[in-house]
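Shown here: query_39.tsv, TSV, C-alpha atoms and all ligand atoms.
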```tsv
chain	number	residue	atom	x	y	z
A	137	MET	CA	-20.03	95.61	66.69
A	138	SER	CA	-19.23	97.84	63.77
A	139	ASN	CA	-17.96	101.36	63.62
A	140	ALA	CA	-21.51	102.44	62.89
A	141	ASP	CA	-22.20	101.70	66.53
A	142	VAL	CA	-19.15	102.90	68.42
A	143	THR	CA	-19.07	106.36	66.93
A	144	ALA	CA	-22.81	106.99	66.65
A	145	PRO	CA	-23.82	110.07	68.64
A	146	GLU	CA	-27.08	108.46	69.79
A	147	PRO	CA	-27.27	105.87	72.60
A	148	ILE	CA	-26.77	102.38	71.18
A	149	SER	CA	-28.25	100.09	73.83
A	150	GLU	CA	-30.22	99.88	77.05
A	151	ALA	CA	-27.00	98.96	78.82
A	152	GLU	CA	-25.42	102.15	77.59
A	153	LEU	CA	-28.29	104.21	78.97
A	154	VAL	CA	-27.78	102.65	82.39
A	155	PHE	CA	-24.06	103.32	82.14
A	156	GLU	CA	-24.72	106.93	81.13
A	157	GLY	CA	-26.99	107.38	84.10
A	158	ALA	CA	-24.20	106.30	86.41
A	159	LEU	CA	-21.69	108.70	84.85
A	160	ARG	CA	-23.94	111.76	84.72
A	161	PRO	CA	-22.61	114.79	86.54
A	162	ARG	CA	-25.15	115.79	89.24
A	163	SER	CA	-24.31	119.45	89.67
A	164	LEU	CA	-23.25	122.38	87.52
A	165	ASP	CA	-19.82	122.31	89.16
A	166	GLU	CA	-19.27	118.72	88.12
A	167	PHE	CA	-20.45	119.41	84.57
A	168	VAL	CA	-17.41	119.76	82.31
A	169	GLY	CA	-17.11	122.40	79.56
A	170	GLN	CA	-19.91	124.54	78.08
A	171	THR	CA	-18.55	127.31	80.28
A	172	LYS	CA	-20.78	129.96	78.81
A	173	VAL	CA	-23.98	127.96	79.17
A	174	ARG	CA	-23.05	126.92	82.68
A	175	GLY	CA	-22.59	130.53	83.75
A	176	GLN	CA	-25.89	131.50	82.17
A	177	LEU	CA	-27.76	128.68	83.87
A	178	GLN	CA	-26.15	129.40	87.20
A	179	LEU	CA	-27.29	133.01	87.09
A	180	LEU	CA	-30.81	132.08	86.09
A	181	LEU	CA	-31.15	129.51	88.87
A	182	GLN	CA	-29.60	131.71	91.53
A	183	ALA	CA	-31.84	134.66	90.68
A	184	ALA	CA	-34.91	132.42	90.92
A	185	ALA	CA	-33.70	131.06	94.27
A	186	ILE	CA	-33.16	134.57	95.68
A	187	GLN	CA	-36.70	135.55	94.75
A	188	GLY	CA	-38.16	132.23	95.84
A	189	ARG	CA	-39.83	131.67	92.48
A	190	THR	CA	-39.55	129.00	89.81
A	191	ALA	CA	-36.77	129.53	87.29
A	192	ASP	CA	-37.63	130.76	83.79
A	193	HIS	CA	-38.22	128.15	81.11
A	194	ILE	CA	-35.04	126.89	79.48
A	195	LEU	CA	-34.45	125.56	75.97
A	196	LEU	CA	-31.40	123.34	75.41
A	197	ALA	CA	-30.37	123.12	71.77
A	198	GLY	CA	-27.61	121.09	70.16
A	199	PRO	CA	-26.53	117.82	68.56
A	200	PRO	CA	-27.04	114.46	70.38
A	201	GLY	CA	-24.80	113.38	73.23
A	202	LEU	CA	-23.59	116.82	74.36
A	203	GLY	CA	-25.40	116.81	77.68
A	204	LYS	CA	-28.97	118.11	77.24
A	205	THR	CA	-30.61	115.44	79.38
A	206	THR	CA	-27.82	115.77	81.92
A	207	LEU	CA	-28.36	119.53	82.17
A	208	ALA	CA	-32.12	119.09	82.61
A	209	MET	CA	-31.44	116.78	85.53
A	210	ILE	CA	-28.96	119.26	86.95
A	211	VAL	CA	-31.52	122.09	86.76
A	212	ALA	CA	-33.91	120.05	88.91
A	213	HIS	CA	-31.16	119.01	91.28
A	214	GLU	CA	-29.77	122.51	91.71
A	215	SER	CA	-33.21	123.95	92.32
A	216	ASN	CA	-34.02	121.13	94.72
A	217	LYS	CA	-37.17	120.25	92.87
A	218	PRO	CA	-38.53	117.02	91.45
A	219	LEU	CA	-38.05	116.29	87.76
A	220	ARG	CA	-40.72	114.98	85.41
A	221	MET	CA	-39.44	113.56	82.14
A	222	SER	CA	-41.42	113.42	78.93
A	223	SER	CA	-40.72	113.75	75.24
A	224	GLY	CA	-42.22	115.27	72.11
A	225	PRO	CA	-43.01	111.94	70.46
A	226	ALA	CA	-44.92	110.86	73.61
A	227	ILE	CA	-47.16	113.92	73.38
A	228	GLN	CA	-49.31	113.24	70.36
A	229	HIS	CA	-52.48	114.94	71.60
A	230	ALA	CA	-53.23	117.99	73.69
A	231	GLY	CA	-54.77	115.57	76.21
A	232	ASP	CA	-51.41	113.85	76.77
A	233	LEU	CA	-49.89	117.18	77.71
A	234	ALA	CA	-52.88	118.23	79.84
A	235	ALA	CA	-52.46	115.05	81.89
A	236	VAL	CA	-48.79	115.82	82.56
A	237	LEU	CA	-49.26	119.52	83.25
A	238	SER	CA	-52.20	119.12	85.60
A	239	SER	CA	-50.32	116.66	87.78
A	240	LEU	CA	-47.19	118.78	88.32
A	241	VAL	CA	-46.35	119.78	91.89
A	242	PRO	CA	-45.31	123.40	92.62
A	243	GLY	CA	-41.84	124.19	91.34
A	244	GLU	CA	-41.48	120.89	89.49
A	245	VAL	CA	-39.10	120.81	86.54
A	246	LEU	CA	-40.76	119.40	83.43
A	247	PHE	CA	-38.29	118.08	80.88
A	248	ILE	CA	-39.60	117.60	77.35
A	249	ASP	CA	-36.96	115.95	75.18
A	250	GLU	CA	-37.23	116.35	71.39
A	251	ILE	CA	-39.74	119.10	71.99
A	252	HIS	CA	-39.84	119.89	68.25
A	253	ARG	CA	-41.72	116.61	67.72
A	254	MET	CA	-44.67	117.47	69.89
A	255	ALA	CA	-48.16	117.57	68.34
A	256	ARG	CA	-49.31	121.00	67.14
A	257	SER	CA	-52.42	120.97	69.34
A	258	ALA	CA	-50.25	120.32	72.39
A	259	GLU	CA	-47.89	123.10	71.39
A	260	GLU	CA	-50.70	125.60	71.54
A	261	MET	CA	-51.72	124.40	74.97
A	262	LEU	CA	-48.12	124.75	76.08
A	263	TYR	CA	-48.00	128.46	75.11
A	264	LEU	CA	-50.61	129.36	77.70
A	265	ALA	CA	-49.21	126.97	80.28
A	266	MET	CA	-45.72	128.47	79.98
A	267	GLU	CA	-46.95	132.02	80.14
A	268	ASP	CA	-49.77	131.96	82.67
A	269	PHE	CA	-49.52	128.52	84.31
A	270	ARG	CA	-53.00	127.86	83.06
A	271	ILE	CA	-54.60	125.67	80.40
A	272	ASP	CA	-58.03	125.54	78.83
A	273	ILE	CA	-59.60	122.12	78.76
A	274	MET	CA	-62.32	121.43	76.23
A	275	VAL	CA	-65.32	119.66	77.69
A	276	GLY	CA	-67.97	118.10	75.46
A	277	LYS	CA	-68.18	118.01	71.68
A	278	GLY	CA	-69.67	120.03	68.83
A	279	ALA	CA	-71.95	122.98	69.58
A	280	GLY	CA	-72.18	122.12	73.28
A	281	ALA	CA	-68.39	122.11	73.80
A	282	THR	CA	-67.10	124.56	76.37
A	283	SER	CA	-63.61	125.37	77.50
A	284	VAL	CA	-62.86	125.16	81.20
A	285	PRO	CA	-59.82	126.99	82.54
A	286	LEU	CA	-57.55	125.05	84.85
A	287	ASP	CA	-54.85	126.62	87.00
A	288	LEU	CA	-51.52	124.81	87.10
A	289	ALA	CA	-48.79	124.73	89.71
A	290	PRO	CA	-45.92	127.00	88.66
A	291	PHE	CA	-43.24	124.92	86.95
A	292	THR	CA	-40.04	125.29	84.98
A	293	LEU	CA	-40.10	123.81	81.51
A	294	VAL	CA	-36.80	122.51	80.18
A	295	GLY	CA	-37.10	121.68	76.49
A	296	ALA	CA	-34.40	119.88	74.53
A	297	THR	CA	-34.05	119.88	70.77
A	298	THR	CA	-31.52	119.03	68.14
A	299	ARG	CA	-33.44	121.43	65.88
A	300	SER	CA	-34.14	124.78	67.48
A	301	GLY	CA	-34.86	126.11	63.99
A	302	MET	CA	-37.86	123.79	63.75
A	303	LEU	CA	-39.64	125.24	66.77
A	304	PRO	CA	-42.41	127.67	65.96
A	305	ASN	CA	-41.53	131.22	67.01
A	306	PRO	CA	-44.28	131.57	69.61
A	307	LEU	CA	-42.87	128.55	71.42
A	308	ARG	CA	-39.25	129.62	71.14
A	309	ASP	CA	-40.13	133.09	72.41
A	310	ARG	CA	-41.63	131.71	75.59
A	311	PHE	CA	-38.35	130.33	76.84
A	312	GLY	CA	-36.50	132.76	79.09
A	313	PHE	CA	-33.22	131.45	77.82
A	314	THR	CA	-31.90	129.22	75.04
A	315	ALA	CA	-28.65	127.38	75.73
A	316	HIS	CA	-26.79	126.41	72.55
A	317	LEU	CA	-24.56	123.46	73.35
A	318	GLU	CA	-21.33	123.22	71.37
A	319	PHE	CA	-19.07	120.30	70.56
A	320	TYR	CA	-16.43	119.89	73.28
A	321	ASP	CA	-12.78	120.67	72.69
A	322	GLU	CA	-10.09	118.10	73.41
A	323	PRO	CA	-8.99	119.34	76.86
A	324	GLU	CA	-12.65	119.28	77.95
A	325	LEU	CA	-13.12	115.78	76.61
A	326	GLU	CA	-10.01	114.70	78.48
A	327	GLN	CA	-11.64	115.97	81.65
A	328	VAL	CA	-14.85	114.08	80.87
A	329	LEU	CA	-12.79	110.94	80.28
A	330	PHE	CA	-10.62	111.45	83.34
A	331	ARG	CA	-13.69	111.70	85.49
A	332	ALA	CA	-15.31	108.65	83.87
A	333	ALA	CA	-12.13	106.56	84.18
A	334	HIS	CA	-11.95	107.48	87.85
A	335	MET	CA	-15.57	106.48	88.41
A	336	LEU	CA	-15.02	103.20	86.57
A	337	ASP	CA	-11.88	102.61	88.62
A	338	PHE	CA	-9.96	102.19	85.38
A	339	SER	CA	-6.39	103.45	85.25
A	340	ILE	CA	-5.42	104.75	81.84
A	341	ASP	CA	-2.53	107.03	81.05
A	342	ARG	CA	-2.86	110.66	80.01
A	343	ARG	CA	-1.70	110.09	76.44
A	344	GLY	CA	-4.27	107.35	76.04
A	345	LEU	CA	-7.01	109.67	77.28
A	346	ALA	CA	-5.85	112.41	74.93
A	347	GLU	CA	-6.01	109.98	72.01
A	348	ILE	CA	-9.65	109.08	72.80
A	349	ALA	CA	-10.46	112.78	73.28
A	350	GLY	CA	-9.26	113.47	69.74
A	351	ARG	CA	-11.36	110.73	68.20
A	352	CYS	CA	-14.77	111.01	69.83
A	353	ARG	CA	-16.48	113.48	67.54
A	354	GLY	CA	-16.40	116.22	70.19
A	355	THR	CA	-19.10	114.29	72.05
A	356	PRO	CA	-18.97	113.09	75.69
A	357	ARG	CA	-21.32	110.18	75.01
A	358	ILE	CA	-18.93	108.81	72.37
A	359	ALA	CA	-15.88	109.54	74.56
A	360	ASN	CA	-17.32	107.47	77.38
A	361	ARG	CA	-18.27	104.67	75.02
A	362	LEU	CA	-14.79	104.49	73.48
A	363	LEU	CA	-13.33	104.46	76.97
A	364	ARG	CA	-15.33	101.33	77.72
A	365	ARG	CA	-14.12	99.63	74.54
A	366	VAL	CA	-10.53	100.41	75.55
A	367	ARG	CA	-11.20	98.99	78.99
A	368	ASP	CA	-12.52	95.79	77.35
A	369	TYR	CA	-9.40	95.61	75.23
A	370	VAL	CA	-7.06	95.88	78.18
A	371	LEU	CA	-9.12	93.40	80.17
A	372	VAL	CA	-8.82	90.80	77.43
A	373	HIS	CA	-5.28	91.47	76.22
A	374	GLY	CA	-3.69	92.44	79.51
A	375	GLY	CA	-0.97	95.10	79.77
A	376	ASP	CA	-1.33	98.80	80.50
A	377	ALA	CA	-4.01	101.11	79.19
A	378	ASP	CA	-1.53	103.28	77.34
A	379	LEU	CA	-1.42	105.01	73.98
A	380	ALA	CA	-0.61	101.75	72.15
A	381	ALA	CA	-3.57	99.94	73.73
A	382	VAL	CA	-5.91	102.81	72.90
A	383	ARG	CA	-4.73	102.86	69.29
A	384	ALA	CA	-5.12	99.11	68.96
A	385	ALA	CA	-8.62	99.13	70.46
A	386	LEU	CA	-9.78	102.01	68.28
A	387	ALA	CA	-8.28	100.41	65.19
A	388	LEU	CA	-10.25	97.25	65.98
A	389	TYR	CA	-13.45	99.28	65.91
A	390	ASP	CA	-12.50	101.23	62.77
A	391	VAL	CA	-12.54	104.57	64.54
A	392	ASP	CA	-10.55	106.86	62.27
A	393	GLU	CA	-8.30	109.71	63.48
A	394	LEU	CA	-11.12	112.20	63.26
A	395	GLY	CA	-13.68	109.89	64.88
A	396	LEU	CA	-16.07	110.19	61.93
A	397	ASP	CA	-19.10	107.93	62.16
A	398	ARG	CA	-20.77	105.94	59.40
A	399	LEU	CA	-23.06	108.74	58.32
A	400	ASP	CA	-20.31	111.38	58.38
A	401	ARG	CA	-18.28	109.18	56.10
A	402	ALA	CA	-21.17	108.40	53.79
A	403	VAL	CA	-21.86	112.11	53.39
A	404	MET	CA	-18.20	112.93	52.77
A	405	GLU	CA	-17.67	110.10	50.33
A	406	ILE	CA	-20.70	111.06	48.28
A	407	MET	CA	-19.69	114.71	48.23
A	408	LEU	CA	-16.14	113.88	47.20
A	409	THR	CA	-16.77	111.15	44.67
A	410	ARG	CA	-20.17	111.72	43.17
A	411	PHE	CA	-20.22	115.52	43.33
A	412	GLY	CA	-16.51	116.26	42.94
A	413	GLY	CA	-16.50	118.16	46.24
A	414	GLY	CA	-19.65	120.17	45.62
A	415	PRO	CA	-21.37	122.52	45.96
A	416	VAL	CA	-24.21	120.16	46.83
A	417	GLY	CA	-27.60	121.13	48.21
A	418	LEU	CA	-28.75	119.73	51.52
A	419	ASN	CA	-31.68	117.79	50.08
A	420	THR	CA	-29.64	116.22	47.30
A	421	LEU	CA	-27.13	115.10	49.87
A	422	ALA	CA	-29.82	113.68	52.14
A	423	VAL	CA	-31.43	111.71	49.33
A	424	SER	CA	-28.05	110.39	48.19
A	425	VAL	CA	-27.20	108.92	51.59
A	426	GLY	CA	-30.78	107.85	52.34
A	427	GLU	CA	-31.13	110.00	55.45
A	428	GLU	CA	-33.51	112.77	56.46
A	429	ALA	CA	-32.32	116.26	55.60
A	430	GLU	CA	-33.02	117.16	59.22
A	431	THR	CA	-30.45	114.66	60.49
A	432	ILE	CA	-27.84	115.79	58.01
A	433	GLU	CA	-28.36	119.40	58.96
A	434	SER	CA	-28.53	119.03	62.73
A	435	VAL	CA	-26.24	116.09	63.49
A	436	VAL	CA	-23.78	115.51	60.64
A	437	GLU	CA	-23.12	118.92	59.18
A	438	PRO	CA	-22.32	120.87	62.37
A	439	PHE	CA	-19.50	118.45	63.17
A	440	LEU	CA	-18.08	118.31	59.64
A	441	VAL	CA	-18.07	122.12	59.53
A	442	ARG	CA	-16.47	122.31	62.97
A	443	ILE	CA	-13.55	120.06	61.99
A	444	GLY	CA	-13.07	121.85	58.69
A	445	LEU	CA	-14.11	119.12	56.23
A	446	ILE	CA	-16.93	121.11	54.69
A	447	THR	CA	-17.99	124.71	54.42
A	448	ARG	CA	-21.44	126.10	53.82
A	449	THR	CA	-21.82	128.48	50.90
A	450	PRO	CA	-24.91	130.12	49.43
A	451	ARG	CA	-24.77	127.54	46.62
A	452	GLY	CA	-24.58	124.51	48.89
A	453	ARG	CA	-22.08	122.47	50.87
A	454	VAL	CA	-18.50	122.36	49.64
A	455	ALA	CA	-15.77	119.88	50.64
A	456	THR	CA	-12.48	121.49	51.69
A	457	PRO	CA	-9.02	120.42	50.47
A	458	GLN	CA	-8.51	118.80	53.92
A	459	ALA	CA	-11.49	116.56	53.18
A	460	PHE	CA	-9.93	115.35	49.91
A	461	GLU	CA	-6.72	114.74	51.77
A	462	HIS	CA	-8.32	112.88	54.68
A	463	PHE	CA	-10.13	110.51	52.34
A	464	GLY	CA	-7.14	110.16	50.02
A	465	ILE	CA	-9.08	111.37	47.00
A	466	GLN	CA	-7.50	113.41	44.23
A	467	HIS	CA	-8.77	116.95	44.20
A	468	PRO	CA	-10.43	117.74	40.83
A	469	GLN	CA	-8.78	120.92	39.55
A	470	GLY	CA	-10.91	124.03	39.59
A	471	SER	CA	-13.93	122.55	41.33
A	472	LEU	CA	-13.50	124.66	44.42
A	473	LEU	CA	-15.17	128.02	44.72
A	474	PRO	CA	-12.72	130.89	44.96
A	475	GLY	CA	-12.26	131.96	48.56
A	476	VAL	CA	-13.25	128.62	50.02
A	477	LEU	CA	-9.91	127.58	51.48
A	501	LIG	N1	-20.40	118.11	80.36
A	501	LIG	C1	-20.34	116.82	80.63
A	501	LIG	N2	-19.49	116.36	81.56
A	501	LIG	C2	-19.40	115.05	81.80
A	501	LIG	N3	-20.14	114.10	81.20
A	501	LIG	C3	-21.01	114.51	80.28
A	501	LIG	C4	-21.17	115.88	79.96
A	501	LIG	N4	-22.10	115.99	79.01
A	501	LIG	C5	-22.53	114.76	78.75
A	501	LIG	N5	-21.88	113.85	79.51
A	501	LIG	C6	-22.05	112.41	79.46
A	501	LIG	O1	-22.47	112.06	78.13
A	501	LIG	C7	-23.57	111.20	78.16
A	501	LIG	C8	-24.66	111.75	77.26
A	501	LIG	O2	-25.17	112.94	77.78
A	501	LIG	P1	-26.73	113.30	77.63
A	501	LIG	O3	-27.56	112.07	77.70
A	501	LIG	O4	-27.01	114.37	78.61
A	501	LIG	O5	-26.75	113.87	76.17
A	501	LIG	P2	-27.98	114.50	75.35
A	501	LIG	O6	-27.52	115.82	74.83
A	501	LIG	O7	-29.22	114.47	76.17
A	501	LIG	O8	-28.11	113.53	74.14
A	501	LIG	P3	-29.43	113.21	73.24
A	501	LIG	O9	-29.64	114.43	72.42
A	501	LIG	O10	-28.99	112.03	72.44
A	501	LIG	O11	-30.54	112.91	74.20
A	501	LIG	C9	-23.98	111.05	79.62
A	501	LIG	O12	-23.57	109.79	80.03
A	501	LIG	C10	-23.18	112.04	80.39
A	501	LIG	O13	-22.62	111.40	81.50
A	502	MG	MG	-30.95	113.27	75.91
```
Could you quickly redo this structure as structure tokens?
Ligand SMILES: Nc1ncnc2c1ncn2[C@@H]1O[C@H](COP(=O)(O)OP(=O)(O)OP(=O)(O)O)[C@@H](O)[C@H]1O
Ligand SMILES: [Mg+2]
Amino acid sequence: MSNADVTAPEPISEAELVFEGALRPRSLDEFVGQTKVRGQLQLLLQAAAIQGRTADHILLAGPPGLGKTTLAMIVAHESNKPLRMSSGPAIQHAGDLAAVLSSLVPGEVLFIDEIHRMARSAEEMLYLAMEDFRIDIMVGKGAGATSVPLDLAPFTLVGATTRSGMLPNPLRDRFGFTAHLEFYDEPELEQVLFRAAHMLDFSIDRRGLAEIAGRCRGTPRIANRLLRRVRDYVLVHGGDADLAAVRAALALYDVDELGLDRLDRAVMEIMLTRFGGGPVGLNTLAVSVGEEAETIESVVEPFLVRIGLITRTPRGRVATPQAFEHFGIQHPQGSLLPGVL
């Protein structure tokens, strides 16, 4: 396996999805970090419970692997309601959505992952469903077509997106609350890892955990994956799961000190070498690394900004002096904009 796999923020195999399922926190109390969002969700769910109604619709926004699916499951669990899972790419026609909506039981939580990828026609149907728990079904074709209203059971929609900016306003406005998930800080990641190690019955020392926490791209999914690679390493080589074992295992998988993945590195290397540190426009960057601008903007850039390797300026993305230093590239004199570090 290459580094492209171990530090990718998306799930890398079926086995990993099973593993993730087993490690998922089941309640808000068990969910580590995202303190703000947790408090907001708690209030929303408690208020709904007091009034005996379904909770308002919730939009979860943020990069992959930060816990959107986990939170959707927690919303259903905490409200003691069943959960129906679907996704934008699976809803290619209004009819696909009508089938799901009309079969919901009262209070059910409907999770639509990647909601920004849903078909336009379905989106329009969803507006009415979210607002009035009603849809209009078209019967017949051409001049004889009529629309038949259909009442739905009240439900709570939980949408997840890595691109909240791509949602049309009318859809975004119909969510009672948008939770913006942030990258986790190191103490939080240590907690995620501590919990996972405990569940895996794997004893690893605190310094080892801290080392993984600093190299997992602020992402629980990656933290848990690296933990498993360290466990493999100790299993094969024997000895304790200590700082030295963690370093050796991560070195084997080419995980650098910042935990950058393949795409992060490709973006940085192109910015530093081909564009002398920038400024570079988003689309130019995307074309240069052969990725969609959407992925660069929603997955790669937020992390690189967060760890201080790039800054966003009105003229484009600019690499910071730390970026030159991290990649061991000579900083071309005078290429930085004044005021940008
Ligand atoms: N706050 C957390 N505490 C503990 N574990 C977490 C937390 N958030 C996520 N995880 C773990 O990280 C893994 C990935 O989380 P999840 O599948 O919810 O991410 P996601 O945001 O839905 O990602 P994607 O956008 O790729 O679907 C899960 O195995 C989960 O156990
Ligand atoms: Mg998910």
Exercise. So what do you get for atom CA of Val245 of chain A versus atom CA of Leu325 of chain A, distance-wise?
Worked result: 28.3 Å
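Picture a line from atom CA of Met266 of chain A to atom CA of Ala197 of chain A; it runs 18.2 Å.
What separates atom CA of Thr292 of chain A from atom CA of Phe247 of chain A is a distance of 8.5 Å.
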List every residue of chain A that has an atom at most 9 Å from any atom of ligand LIG 501 (chain A), giving for each one its closest atom pair and the distance in Å to one decimal, counting only C-alpha atoms and all ligand atoms, sorted by chain and then by ascending residue number, as a tab-separated table.
```
residue	atom	partner	partner_atom	distance
A:Pro145	CA	A:LIG501	O10	6.7
A:Glu146	CA	A:LIG501	O10	4.8
A:Pro147	CA	A:LIG501	O10	6.4
A:Glu152	CA	A:LIG501	O12	8.2
A:Leu153	CA	A:LIG501	O12	7.4
A:Val154	CA	A:LIG501	O12	8.6
A:Phe155	CA	A:LIG501	O12	6.8
A:Glu156	CA	A:LIG501	O12	3.3
A:Gly157	CA	A:LIG501	O12	5.8
A:Ala158	CA	A:LIG501	O13	7.3
A:Leu159	CA	A:LIG501	O13	4.4
A:Arg160	CA	A:LIG501	O13	3.5
A:Pro161	CA	A:LIG501	C2	5.7
A:Leu164	CA	A:LIG501	N1	8.8
A:Glu166	CA	A:LIG501	N2	7.0
A:Phe167	CA	A:LIG501	N2	4.4
A:Val168	CA	A:LIG501	N1	3.9
A:Gly169	CA	A:LIG501	N1	5.5
A:Gln170	CA	A:LIG501	N1	6.8
A:Leu196	CA	A:LIG501	O6	8.5
A:Ala197	CA	A:LIG501	O6	8.4
A:Gly198	CA	A:LIG501	O6	7.0
A:Pro199	CA	A:LIG501	O9	6.0
A:Pro200	CA	A:LIG501	O9	3.3
A:Gly201	CA	A:LIG501	O8	3.4
A:Leu202	CA	A:LIG501	O6	4.1
A:Gly203	CA	A:LIG501	O4	3.1
A:Lys204	CA	A:LIG501	O6	3.6
A:Thr205	CA	A:LIG501	O7	3.6
A:Thr206	CA	A:LIG501	O4	3.7
A:Leu207	CA	A:LIG501	O4	6.4
A:Ala208	CA	A:LIG501	O4	8.0
A:Met209	CA	A:LIG501	O4	8.6
A:Asp249	CA	A:LIG501	O11	7.2
A:Glu250	CA	A:LIG501	O9	7.9
A:Ala296	CA	A:LIG501	O9	7.5
A:Thr297	CA	A:LIG501	O9	7.2
A:Thr298	CA	A:LIG501	O9	6.6
A:Leu317	CA	A:LIG501	O6	8.3
A:Tyr320	CA	A:LIG501	N1	8.3
A:Glu324	CA	A:LIG501	N1	8.2
A:Leu325	CA	A:LIG501	N2	8.1
A:Gln327	CA	A:LIG501	C2	7.8
A:Val328	CA	A:LIG501	C2	4.7
A:Leu329	CA	A:LIG501	C2	7.9
A:Arg331	CA	A:LIG501	C2	7.6
A:Ala332	CA	A:LIG501	N3	7.8
A:Thr355	CA	A:LIG501	O1	7.3
A:Pro356	CA	A:LIG501	O1	4.4
A:Arg357	CA	A:LIG501	O1	3.8
A:Ile358	CA	A:LIG501	O1	7.5
A:Ala359	CA	A:LIG501	O1	7.9
A:Asn360	CA	A:LIG501	O1	6.9
A:Arg361	CA	A:LIG501	O12	8.9
```
For this session: Measuring atom to atom with only C-alpha atoms, identify which of A:Gly312, A:Leu345, A:Ala226, A:Glu405 is nearest to Gly464 of chain A.
Result: A:Glu405
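Using only C-alpha atoms, the shortest contact distance between Phe269 of chain A and any of A:Val173, A:Leu421, A:Val241, A:Leu195 is found at A:Val241.
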Exercise. Using all atoms listed in the file, which residues sit within 10 Å of segment 375-385 of chain A once same-chain residues fewer than 5 positions away are excluded, as JSON, numbers by chain?
Worked result: {"A": [338, 339, 340, 341, 342, 343, 344, 345, 346, 347, 348, 362, 363, 365, 366, 367, 368, 369, 370, 390, 391, 392, 393]}
Problem set entry | Closest of A:Ala387, A:Cys352, A:Val294, A:Ile271 to ligand MG 502 (chain A) - atom-to-atom distances counting all atoms listed in the file | A:Val294
Exercise. From the set A:Leu177, A:Met221, A:Val372, A:Leu286, which residue has the shortest atom-to-atom contact distance to ligand MG 502 (chain A), counting only C-alpha atoms and all ligand atoms?
Worked result: A:Met221
Seminar exercise, completed: Across A:Met335, A:Leu386, A:Leu399, A:Ile446, the smallest distance to Gly414 of chain A, with only C-alpha atoms counted, is shown by A:Ile446
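For Asn419 of chain A, the residues within 12 Å (counting only C-alpha atoms, excluding itself and residues fewer than 4 positions away along the chain) are Val403, Val423, Ser424, Val425, Gly426, Glu427, Glu428, Ala429, Glu430, Thr431, Ile432, Glu433, Gly452 and Arg453 of chain A.
For the set A:Val416, A:Leu396, A:Leu303, A:Ala402, the residue with the smallest atom-to-atom gap to His252 of chain A is A:Leu303, counting all atoms listed in the file.
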Within 12 Å of Gly231 of chain A, counting all atoms listed in the file, which residues show up once you throw out same-chain ones fewer than 5 positions away? Write them as a PDB file with C-alpha atoms, keeping the file's coordinate frame, please.
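After the write, selection.pdb holds the following:
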```pdb
ATOM      1  CA  ALA A 226     -44.920 110.860  73.610  1.00  0.00           C
ATOM      2  CA  VAL A 236     -48.790 115.820  82.560  1.00  0.00           C
ATOM      3  CA  LEU A 237     -49.260 119.520  83.250  1.00  0.00           C
ATOM      4  CA  SER A 238     -52.200 119.120  85.600  1.00  0.00           C
ATOM      5  CA  ALA A 255     -48.160 117.570  68.340  1.00  0.00           C
ATOM      6  CA  ARG A 256     -49.310 121.000  67.140  1.00  0.00           C
ATOM      7  CA  SER A 257     -52.420 120.970  69.340  1.00  0.00           C
ATOM      8  CA  ALA A 258     -50.250 120.320  72.390  1.00  0.00           C
ATOM      9  CA  GLU A 259     -47.890 123.100  71.390  1.00  0.00           C
ATOM     10  CA  GLU A 260     -50.700 125.600  71.540  1.00  0.00           C
ATOM     11  CA  MET A 261     -51.720 124.400  74.970  1.00  0.00           C
ATOM     12  CA  LEU A 262     -48.120 124.750  76.080  1.00  0.00           C
ATOM     13  CA  ILE A 271     -54.600 125.670  80.400  1.00  0.00           C
ATOM     14  CA  ASP A 272     -58.030 125.540  78.830  1.00  0.00           C
ATOM     15  CA  ILE A 273     -59.600 122.120  78.760  1.00  0.00           C
ATOM     16  CA  MET A 274     -62.320 121.430  76.230  1.00  0.00           C
ATOM     17  CA  VAL A 275     -65.320 119.660  77.690  1.00  0.00           C
TER      18      VAL A 275
END
```
Excluding Ile186 of chain A and any residue of its chain fewer than 6 positions from it, enumerate the residues within 12 Å of it, using only C-alpha atoms, and give them as a PDB file with C-alpha atoms, keeping the file's coordinate frame.
```pdb
ATOM      1  CA  LEU A 179     -27.290 133.010  87.090  1.00  0.00           C
ATOM      2  CA  LEU A 180     -30.810 132.080  86.090  1.00  0.00           C
ATOM      3  CA  SER A 215     -33.210 123.950  92.320  1.00  0.00           C
TER       4      SER A 215
END
```
